[in-house]
Amino acid sequence: MSKDMYQMYGPKVPDLTLCEPGADLRVLGIGSGSERYSESFRALIAAVETSRYQMSYGSKVPDSTLCEPGTDLRVLGIGNGSGEADSVILEKLLQRHSSVYNRVVEPSREMLARYKARVREDTSLGAVRFDWRQQTAEEYFQTKDDTKFHLIHAVHVLYHVEDLDATLRNMWEQLEDGGYIFVAMQSGKGGWGGLRHKLWEKFGQGDRLKTWCSTSGDVKRCLDRRGISYVTSVDTNNINVTECFKENSENGKLLLDFLTHTPYVSSEPEIKSTALEYIRGNSSSVDKILFTAVSDVILALKNCAKA
């Protein structure tokens with residue numbers, strides 16, 4: 001996997017019954033531990049038009065000094081994957097802090113192995129002390145200690161937690177006064193965010209916030225209910241979905257699997273046709289078909305005077 005791209009999904013998908021038995025049960029059910037997931041993710045990476053777009057996350061990290069001189073800056077990452085986004089965030093932090101303690105919460109053994117390999121190869125991360133936790137967010141917060149963190153981030157992973165509001169509450173409770181929560185999430189206003197809502201509207205059942213159909217708007221509403229102020233910045237990227245419309249394209253099938261979060265979606269005619277109709281109607285087309293992915297980056301400061 002190229003360092004030039006970053007992982008758009010974390011490796012935890014809730015084990016939920018989303019609908020009645022039958023074909024529609026497969027919507028939103030691609031498992032990140034499966035070979036199909038890995039193949040479809042690689043198809044997504046190849047289709048994203050903007051190279052090195054994960055680099056933008058470095059510019060969103062606060063420029064302020066987050067802890068006292070001589071103290072380790074403490075960072076907690078939820079669903080870190082194989083560390084692409086983490087590397088960018090940590091390199092930005094090391095510009096102002098001489099040492100960083102970085103706690104990695106990631107349930108996938110494979111992803112952790114890739115992350116550790118990245119750390120061994122990346123000499124710029126030598127001042128970072130890593131604490132590896134092979135756990136889901138739920139497992140971690142059930143066993144958390146009293147450590148407070150100056151920065152807690154969740155980059156394109158909160159779609160996969162069991163309870164979005166509870167996860168955000170737990171992140172806030174582990175945040176040091178004066179620290180920041182950093183969340184990246186697909187917006188419901190973008191093409192891909194809209195596709196989530198379309199599929200949920202037609203096929204989903206149960207609590208949408210406990211599925212991959214949650215968006216940045218849901219995060220903002222959770223923060224609003226708690227009186228937590230935040231600032232939002234927007235990143236827009238294009239996905240070349242031309243191959244999805246070629247009947248015999250294996251790359252197109254894999255990409256559509258990832259966009260719909262449905263394994264072998266080509267064998268589900270109703271889901272496939274719904275997705276392709278939506279994508280076609282919400283894409284630009286000249287010499288290729290481009291589908292937008294709009295992400296919100298949400299940054300919330302824990303002001304001790306207001307918390």
# chains A, B, ... in the order shown; residues from 1 in each chain; ligands from 1
>>> residues_around(residues="Arg221 of chain A", least_positions_apart="6", cutoff="10 Å", atoms="only C-alpha atoms", output="count of residues only")
3
>>> residues_around(residues="segment 44-47 of chain A", least_positions_apart="4", cutoff="8 Å", atoms="only C-alpha atoms", output="list in words")
Met5, Ser40, Ile239, Asn240, Val241, Leu255 and Phe258 of chain A
>>> write_last_selection(atoms="all heavy atoms", output="PDB file, in the first residue's frame")
ATOM      1  N   MET A   5      -1.166   7.462  -0.247  1.00  0.00           N
ATOM      2  CA  MET A   5      -2.611   7.476  -0.032  1.00  0.00           C
ATOM      3  C   MET A   5      -2.861   7.136   1.429  1.00  0.00           C
ATOM      4  O   MET A   5      -2.010   6.641   2.125  1.00  0.00           O
ATOM      5  CB  MET A   5      -3.301   6.437  -0.923  1.00  0.00           C
ATOM      6  CG  MET A   5      -2.895   6.525  -2.383  1.00  0.00           C
ATOM      7  SD  MET A   5      -3.225   8.144  -3.108  1.00  0.00           S
ATOM      8  CE  MET A   5      -5.000   8.063  -3.215  1.00  0.00           C
ATOM      9  N   SER A  40     -10.822  -4.656  -2.660  1.00  0.00           N
ATOM     10  CA  SER A  40     -11.684  -3.521  -3.012  1.00  0.00           C
ATOM     11  C   SER A  40     -11.086  -2.205  -2.529  1.00  0.00           C
ATOM     12  O   SER A  40     -11.209  -1.173  -3.197  1.00  0.00           O
ATOM     13  CB  SER A  40     -13.092  -3.723  -2.443  1.00  0.00           C
ATOM     14  OG  SER A  40     -13.081  -3.769  -1.035  1.00  0.00           O
ATOM     15  N   ILE A 239     -13.149  10.531  -7.396  1.00  0.00           N
ATOM     16  CA  ILE A 239     -12.904   9.105  -7.607  1.00  0.00           C
ATOM     17  C   ILE A 239     -13.291   8.779  -9.043  1.00  0.00           C
ATOM     18  O   ILE A 239     -14.421   9.056  -9.466  1.00  0.00           O
ATOM     19  CB  ILE A 239     -13.730   8.245  -6.634  1.00  0.00           C
ATOM     20  CG1 ILE A 239     -13.435   8.649  -5.183  1.00  0.00           C
ATOM     21  CG2 ILE A 239     -13.444   6.767  -6.846  1.00  0.00           C
ATOM     22  CD1 ILE A 239     -14.379   8.013  -4.175  1.00  0.00           C
ATOM     23  N   ASN A 240     -12.377   8.201  -9.790  1.00  0.00           N
ATOM     24  CA  ASN A 240     -12.652   7.800 -11.167  1.00  0.00           C
ATOM     25  C   ASN A 240     -13.431   6.489 -11.137  1.00  0.00           C
ATOM     26  O   ASN A 240     -12.876   5.426 -10.855  1.00  0.00           O
ATOM     27  CB  ASN A 240     -11.345   7.632 -11.939  1.00  0.00           C
ATOM     28  CG  ASN A 240     -11.585   7.319 -13.403  1.00  0.00           C
ATOM     29  OD1 ASN A 240     -12.696   6.980 -13.820  1.00  0.00           O
ATOM     30  ND2 ASN A 240     -10.535   7.420 -14.212  1.00  0.00           N
ATOM     31  N   VAL A 241     -14.733   6.581 -11.414  1.00  0.00           N
ATOM     32  CA  VAL A 241     -15.611   5.408 -11.319  1.00  0.00           C
ATOM     33  C   VAL A 241     -15.946   4.841 -12.689  1.00  0.00           C
ATOM     34  O   VAL A 241     -16.875   4.020 -12.816  1.00  0.00           O
ATOM     35  CB  VAL A 241     -16.916   5.764 -10.561  1.00  0.00           C
ATOM     36  CG1 VAL A 241     -16.623   6.109  -9.111  1.00  0.00           C
ATOM     37  CG2 VAL A 241     -17.658   6.912 -11.248  1.00  0.00           C
ATOM     38  N   LEU A 255     -14.271  -1.819  -6.974  1.00  0.00           N
ATOM     39  CA  LEU A 255     -14.492  -0.439  -6.559  1.00  0.00           C
ATOM     40  C   LEU A 255     -15.927  -0.241  -6.100  1.00  0.00           C
ATOM     41  O   LEU A 255     -16.189   0.410  -5.076  1.00  0.00           O
ATOM     42  CB  LEU A 255     -14.148   0.516  -7.709  1.00  0.00           C
ATOM     43  CG  LEU A 255     -14.383   2.005  -7.449  1.00  0.00           C
ATOM     44  CD1 LEU A 255     -13.595   2.479  -6.228  1.00  0.00           C
ATOM     45  CD2 LEU A 255     -13.992   2.818  -8.684  1.00  0.00           C
ATOM     46  N   PHE A 258     -16.535  -1.432  -2.656  1.00  0.00           N
ATOM     47  CA  PHE A 258     -16.094  -0.529  -1.595  1.00  0.00           C
ATOM     48  C   PHE A 258     -17.017   0.673  -1.469  1.00  0.00           C
ATOM     49  O   PHE A 258     -17.346   1.098  -0.356  1.00  0.00           O
ATOM     50  CB  PHE A 258     -14.657  -0.075  -1.831  1.00  0.00           C
ATOM     51  CG  PHE A 258     -13.959   0.315  -0.560  1.00  0.00           C
ATOM     52  CD1 PHE A 258     -13.199  -0.604   0.144  1.00  0.00           C
ATOM     53  CD2 PHE A 258     -14.098   1.589  -0.034  1.00  0.00           C
ATOM     54  CE1 PHE A 258     -12.585  -0.266   1.347  1.00  0.00           C
ATOM     55  CE2 PHE A 258     -13.483   1.940   1.163  1.00  0.00           C
ATOM     56  CZ  PHE A 258     -12.722   1.010   1.847  1.00  0.00           C
TER      57      PHE A 258
END
>>> residues_around(residues="His150 of chain A", least_positions_apart="5", cutoff="7 Å", atoms="only C-alpha atoms", output="number ranges by chain")
A: 66, 73-75, 175-176, 179-180
>>> write_last_selection(atoms="all heavy atoms", output="mmCIF file, in the first residue's frame")
data_model
loop_
_atom_site.group_PDB
_atom_site.id
_atom_site.type_symbol
_atom_site.label_atom_id
_atom_site.label_comp_id
_atom_site.auth_asym_id
_atom_site.auth_seq_id
_atom_site.Cartn_x
_atom_site.Cartn_y
_atom_site.Cartn_z
ATOM 1 N N LEU A 66 0.919 22.038 22.457
ATOM 2 C CA LEU A 66 -0.183 21.399 23.164
ATOM 3 C C LEU A 66 0.167 20.939 24.570
ATOM 4 O O LEU A 66 -0.712 20.500 25.304
ATOM 5 C CB LEU A 66 -0.676 20.199 22.343
ATOM 6 C CG LEU A 66 -1.184 20.536 20.925
ATOM 7 C CD1 LEU A 66 -1.616 19.273 20.202
ATOM 8 C CD2 LEU A 66 -2.337 21.523 20.985
ATOM 9 N N LEU A 73 4.265 14.900 24.442
ATOM 10 C CA LEU A 73 2.937 15.149 23.898
ATOM 11 C C LEU A 73 2.235 13.795 23.786
ATOM 12 O O LEU A 73 2.782 12.850 23.215
ATOM 13 C CB LEU A 73 3.043 15.799 22.515
ATOM 14 C CG LEU A 73 1.710 16.061 21.813
ATOM 15 C CD1 LEU A 73 1.000 17.222 22.473
ATOM 16 C CD2 LEU A 73 1.933 16.348 20.332
ATOM 17 N N ARG A 74 1.046 13.684 24.343
ATOM 18 C CA ARG A 74 0.333 12.413 24.349
ATOM 19 C C ARG A 74 -0.766 12.416 23.288
ATOM 20 O O ARG A 74 -1.635 13.298 23.279
ATOM 21 C CB ARG A 74 -0.249 12.137 25.738
ATOM 22 C CG ARG A 74 0.828 11.965 26.811
ATOM 23 C CD ARG A 74 0.226 11.609 28.154
ATOM 24 N NE ARG A 74 -0.633 12.676 28.672
ATOM 25 C CZ ARG A 74 -0.194 13.755 29.318
ATOM 26 N NH1 ARG A 74 1.109 13.937 29.509
ATOM 27 N NH2 ARG A 74 -1.046 14.667 29.767
ATOM 28 N N VAL A 75 -0.697 11.406 22.407
ATOM 29 C CA VAL A 75 -1.631 11.296 21.281
ATOM 30 C C VAL A 75 -2.328 9.946 21.343
ATOM 31 O O VAL A 75 -1.692 8.909 21.575
ATOM 32 C CB VAL A 75 -0.887 11.435 19.936
ATOM 33 C CG1 VAL A 75 -1.858 11.279 18.764
ATOM 34 C CG2 VAL A 75 -0.161 12.775 19.855
ATOM 35 N N LEU A 175 -9.628 13.367 26.970
ATOM 36 C CA LEU A 175 -8.898 14.513 26.446
ATOM 37 C C LEU A 175 -8.428 15.419 27.577
ATOM 38 O O LEU A 175 -9.185 15.743 28.493
ATOM 39 C CB LEU A 175 -9.809 15.291 25.494
ATOM 40 C CG LEU A 175 -9.170 16.343 24.588
ATOM 41 C CD1 LEU A 175 -8.184 15.690 23.622
ATOM 42 C CD2 LEU A 175 -10.249 17.089 23.803
ATOM 43 N N GLU A 176 -7.173 15.826 27.508
ATOM 44 C CA GLU A 176 -6.611 16.773 28.468
ATOM 45 C C GLU A 176 -7.240 18.148 28.258
ATOM 46 O O GLU A 176 -7.611 18.515 27.132
ATOM 47 C CB GLU A 176 -5.091 16.862 28.250
ATOM 48 C CG GLU A 176 -4.343 17.656 29.296
ATOM 49 C CD GLU A 176 -4.238 16.922 30.619
ATOM 50 O OE1 GLU A 176 -3.395 16.018 30.724
ATOM 51 O OE2 GLU A 176 -5.004 17.291 31.528
ATOM 52 N N GLY A 179 -6.683 20.298 25.142
ATOM 53 C CA GLY A 179 -6.390 19.376 24.050
ATOM 54 C C GLY A 179 -7.453 19.431 22.963
ATOM 55 O O GLY A 179 -8.483 20.099 23.087
ATOM 56 N N TYR A 180 -7.201 18.685 21.895
ATOM 57 C CA TYR A 180 -8.074 18.710 20.717
ATOM 58 C C TYR A 180 -8.538 17.312 20.334
ATOM 59 O O TYR A 180 -7.778 16.338 20.415
ATOM 60 C CB TYR A 180 -7.334 19.285 19.510
ATOM 61 C CG TYR A 180 -7.067 20.761 19.559
ATOM 62 C CD1 TYR A 180 -5.930 21.262 20.185
ATOM 63 C CD2 TYR A 180 -7.940 21.677 18.950
ATOM 64 C CE1 TYR A 180 -5.668 22.623 20.217
ATOM 65 C CE2 TYR A 180 -7.678 23.036 18.984
ATOM 66 C CZ TYR A 180 -6.544 23.507 19.615
ATOM 67 O OH TYR A 180 -6.283 24.857 19.646
#
>>> residues_around(residues="Pro62 of chain A", least_positions_apart="4", cutoff="10 Å", atoms="only C-alpha atoms", output="PyMOL selection string")
chain A and resi 58+66+89+92-93+151+179-180+182+299+301
>>> write_last_selection(atoms="all heavy atoms", output="PDB file, in the first residue's frame")
ATOM      1  N   GLY A  58      -2.114  16.988   7.675  1.00  0.00           N
ATOM      2  CA  GLY A  58      -1.065  17.643   8.441  1.00  0.00           C
ATOM      3  C   GLY A  58      -1.354  19.114   8.662  1.00  0.00           C
ATOM      4  O   GLY A  58      -1.111  19.663   9.738  1.00  0.00           O
ATOM      5  N   LEU A  66       0.919  22.038  22.457  1.00  0.00           N
ATOM      6  CA  LEU A  66      -0.183  21.399  23.164  1.00  0.00           C
ATOM      7  C   LEU A  66       0.167  20.939  24.570  1.00  0.00           C
ATOM      8  O   LEU A  66      -0.712  20.500  25.304  1.00  0.00           O
ATOM      9  CB  LEU A  66      -0.676  20.199  22.343  1.00  0.00           C
ATOM     10  CG  LEU A  66      -1.184  20.536  20.925  1.00  0.00           C
ATOM     11  CD1 LEU A  66      -1.616  19.273  20.202  1.00  0.00           C
ATOM     12  CD2 LEU A  66      -2.337  21.523  20.985  1.00  0.00           C
ATOM     13  N   ILE A  89       0.241  13.185  10.585  1.00  0.00           N
ATOM     14  CA  ILE A  89      -0.089  13.920  11.806  1.00  0.00           C
ATOM     15  C   ILE A  89       1.111  13.988  12.742  1.00  0.00           C
ATOM     16  O   ILE A  89       1.446  15.053  13.283  1.00  0.00           O
ATOM     17  CB  ILE A  89      -1.297  13.256  12.502  1.00  0.00           C
ATOM     18  CG1 ILE A  89      -2.558  13.441  11.650  1.00  0.00           C
ATOM     19  CG2 ILE A  89      -1.501  13.834  13.903  1.00  0.00           C
ATOM     20  CD1 ILE A  89      -3.752  12.625  12.141  1.00  0.00           C
ATOM     21  N   LYS A  92       3.847  16.389  11.635  1.00  0.00           N
ATOM     22  CA  LYS A  92       3.476  17.780  11.908  1.00  0.00           C
ATOM     23  C   LYS A  92       3.684  18.105  13.393  1.00  0.00           C
ATOM     24  O   LYS A  92       4.228  19.168  13.734  1.00  0.00           O
ATOM     25  CB  LYS A  92       2.018  18.007  11.514  1.00  0.00           C
ATOM     26  CG  LYS A  92       1.460  19.389  11.891  1.00  0.00           C
ATOM     27  CD  LYS A  92       2.142  20.503  11.125  1.00  0.00           C
ATOM     28  CE  LYS A  92       1.558  21.866  11.485  1.00  0.00           C
ATOM     29  NZ  LYS A  92       0.146  22.018  11.059  1.00  0.00           N
ATOM     30  N   LEU A  93       3.298  17.210  14.278  1.00  0.00           N
ATOM     31  CA  LEU A  93       3.456  17.456  15.704  1.00  0.00           C
ATOM     32  C   LEU A  93       4.927  17.562  16.109  1.00  0.00           C
ATOM     33  O   LEU A  93       5.291  18.364  16.975  1.00  0.00           O
ATOM     34  CB  LEU A  93       2.777  16.340  16.500  1.00  0.00           C
ATOM     35  CG  LEU A  93       1.248  16.279  16.409  1.00  0.00           C
ATOM     36  CD1 LEU A  93       0.735  15.010  17.079  1.00  0.00           C
ATOM     37  CD2 LEU A  93       0.606  17.511  17.045  1.00  0.00           C
ATOM     38  N   LEU A 151      -4.036  15.196  22.146  1.00  0.00           N
ATOM     39  CA  LEU A 151      -4.682  15.101  20.835  1.00  0.00           C
ATOM     40  C   LEU A 151      -5.250  13.695  20.690  1.00  0.00           C
ATOM     41  O   LEU A 151      -4.551  12.703  20.906  1.00  0.00           O
ATOM     42  CB  LEU A 151      -3.681  15.367  19.703  1.00  0.00           C
ATOM     43  CG  LEU A 151      -4.249  15.254  18.276  1.00  0.00           C
ATOM     44  CD1 LEU A 151      -5.262  16.362  18.003  1.00  0.00           C
ATOM     45  CD2 LEU A 151      -3.128  15.279  17.238  1.00  0.00           C
ATOM     46  N   GLY A 179      -6.683  20.298  25.142  1.00  0.00           N
ATOM     47  CA  GLY A 179      -6.390  19.376  24.050  1.00  0.00           C
ATOM     48  C   GLY A 179      -7.453  19.431  22.963  1.00  0.00           C
ATOM     49  O   GLY A 179      -8.483  20.099  23.087  1.00  0.00           O
ATOM     50  N   TYR A 180      -7.201  18.685  21.895  1.00  0.00           N
ATOM     51  CA  TYR A 180      -8.074  18.710  20.717  1.00  0.00           C
ATOM     52  C   TYR A 180      -8.538  17.312  20.334  1.00  0.00           C
ATOM     53  O   TYR A 180      -7.778  16.338  20.415  1.00  0.00           O
ATOM     54  CB  TYR A 180      -7.334  19.285  19.510  1.00  0.00           C
ATOM     55  CG  TYR A 180      -7.067  20.761  19.559  1.00  0.00           C
ATOM     56  CD1 TYR A 180      -5.930  21.262  20.185  1.00  0.00           C
ATOM     57  CD2 TYR A 180      -7.940  21.677  18.950  1.00  0.00           C
ATOM     58  CE1 TYR A 180      -5.668  22.623  20.217  1.00  0.00           C
ATOM     59  CE2 TYR A 180      -7.678  23.036  18.984  1.00  0.00           C
ATOM     60  CZ  TYR A 180      -6.544  23.507  19.615  1.00  0.00           C
ATOM     61  OH  TYR A 180      -6.283  24.857  19.646  1.00  0.00           O
ATOM     62  N   PHE A 182      -9.756  15.453  16.887  1.00  0.00           N
ATOM     63  CA  PHE A 182      -9.579  15.616  15.447  1.00  0.00           C
ATOM     64  C   PHE A 182     -10.317  14.458  14.774  1.00  0.00           C
ATOM     65  O   PHE A 182      -9.931  13.305  14.930  1.00  0.00           O
ATOM     66  CB  PHE A 182      -8.078  15.572  15.143  1.00  0.00           C
ATOM     67  CG  PHE A 182      -7.684  15.718  13.698  1.00  0.00           C
ATOM     68  CD1 PHE A 182      -7.087  16.896  13.266  1.00  0.00           C
ATOM     69  CD2 PHE A 182      -7.855  14.687  12.776  1.00  0.00           C
ATOM     70  CE1 PHE A 182      -6.687  17.035  11.936  1.00  0.00           C
ATOM     71  CE2 PHE A 182      -7.463  14.823  11.463  1.00  0.00           C
ATOM     72  CZ  PHE A 182      -6.873  15.998  11.033  1.00  0.00           C
ATOM     73  N   LEU A 299     -12.471  19.790  14.208  1.00  0.00           N
ATOM     74  CA  LEU A 299     -11.477  20.012  15.259  1.00  0.00           C
ATOM     75  C   LEU A 299     -12.168  20.678  16.442  1.00  0.00           C
ATOM     76  O   LEU A 299     -12.731  21.769  16.305  1.00  0.00           O
ATOM     77  CB  LEU A 299     -10.348  20.898  14.728  1.00  0.00           C
ATOM     78  CG  LEU A 299      -9.069  20.991  15.566  1.00  0.00           C
ATOM     79  CD1 LEU A 299      -8.373  19.639  15.619  1.00  0.00           C
ATOM     80  CD2 LEU A 299      -8.139  22.042  14.981  1.00  0.00           C
ATOM     81  N   LEU A 301     -11.742  21.887  20.494  1.00  0.00           N
ATOM     82  CA  LEU A 301     -10.846  22.222  21.600  1.00  0.00           C
ATOM     83  C   LEU A 301     -11.562  22.044  22.920  1.00  0.00           C
ATOM     84  O   LEU A 301     -12.686  22.527  23.109  1.00  0.00           O
ATOM     85  CB  LEU A 301     -10.377  23.670  21.460  1.00  0.00           C
ATOM     86  CG  LEU A 301      -9.670  24.296  22.677  1.00  0.00           C
ATOM     87  CD1 LEU A 301      -8.326  23.602  22.933  1.00  0.00           C
ATOM     88  CD2 LEU A 301      -9.463  25.796  22.468  1.00  0.00           C
TER      89      LEU A 301
END
>>> closest_residue(among="A:Glu138, A:Val161, A:Gly178, A:Ser124", to="Cys67 of chain A", atoms="only C-alpha atoms")
A:Gly178
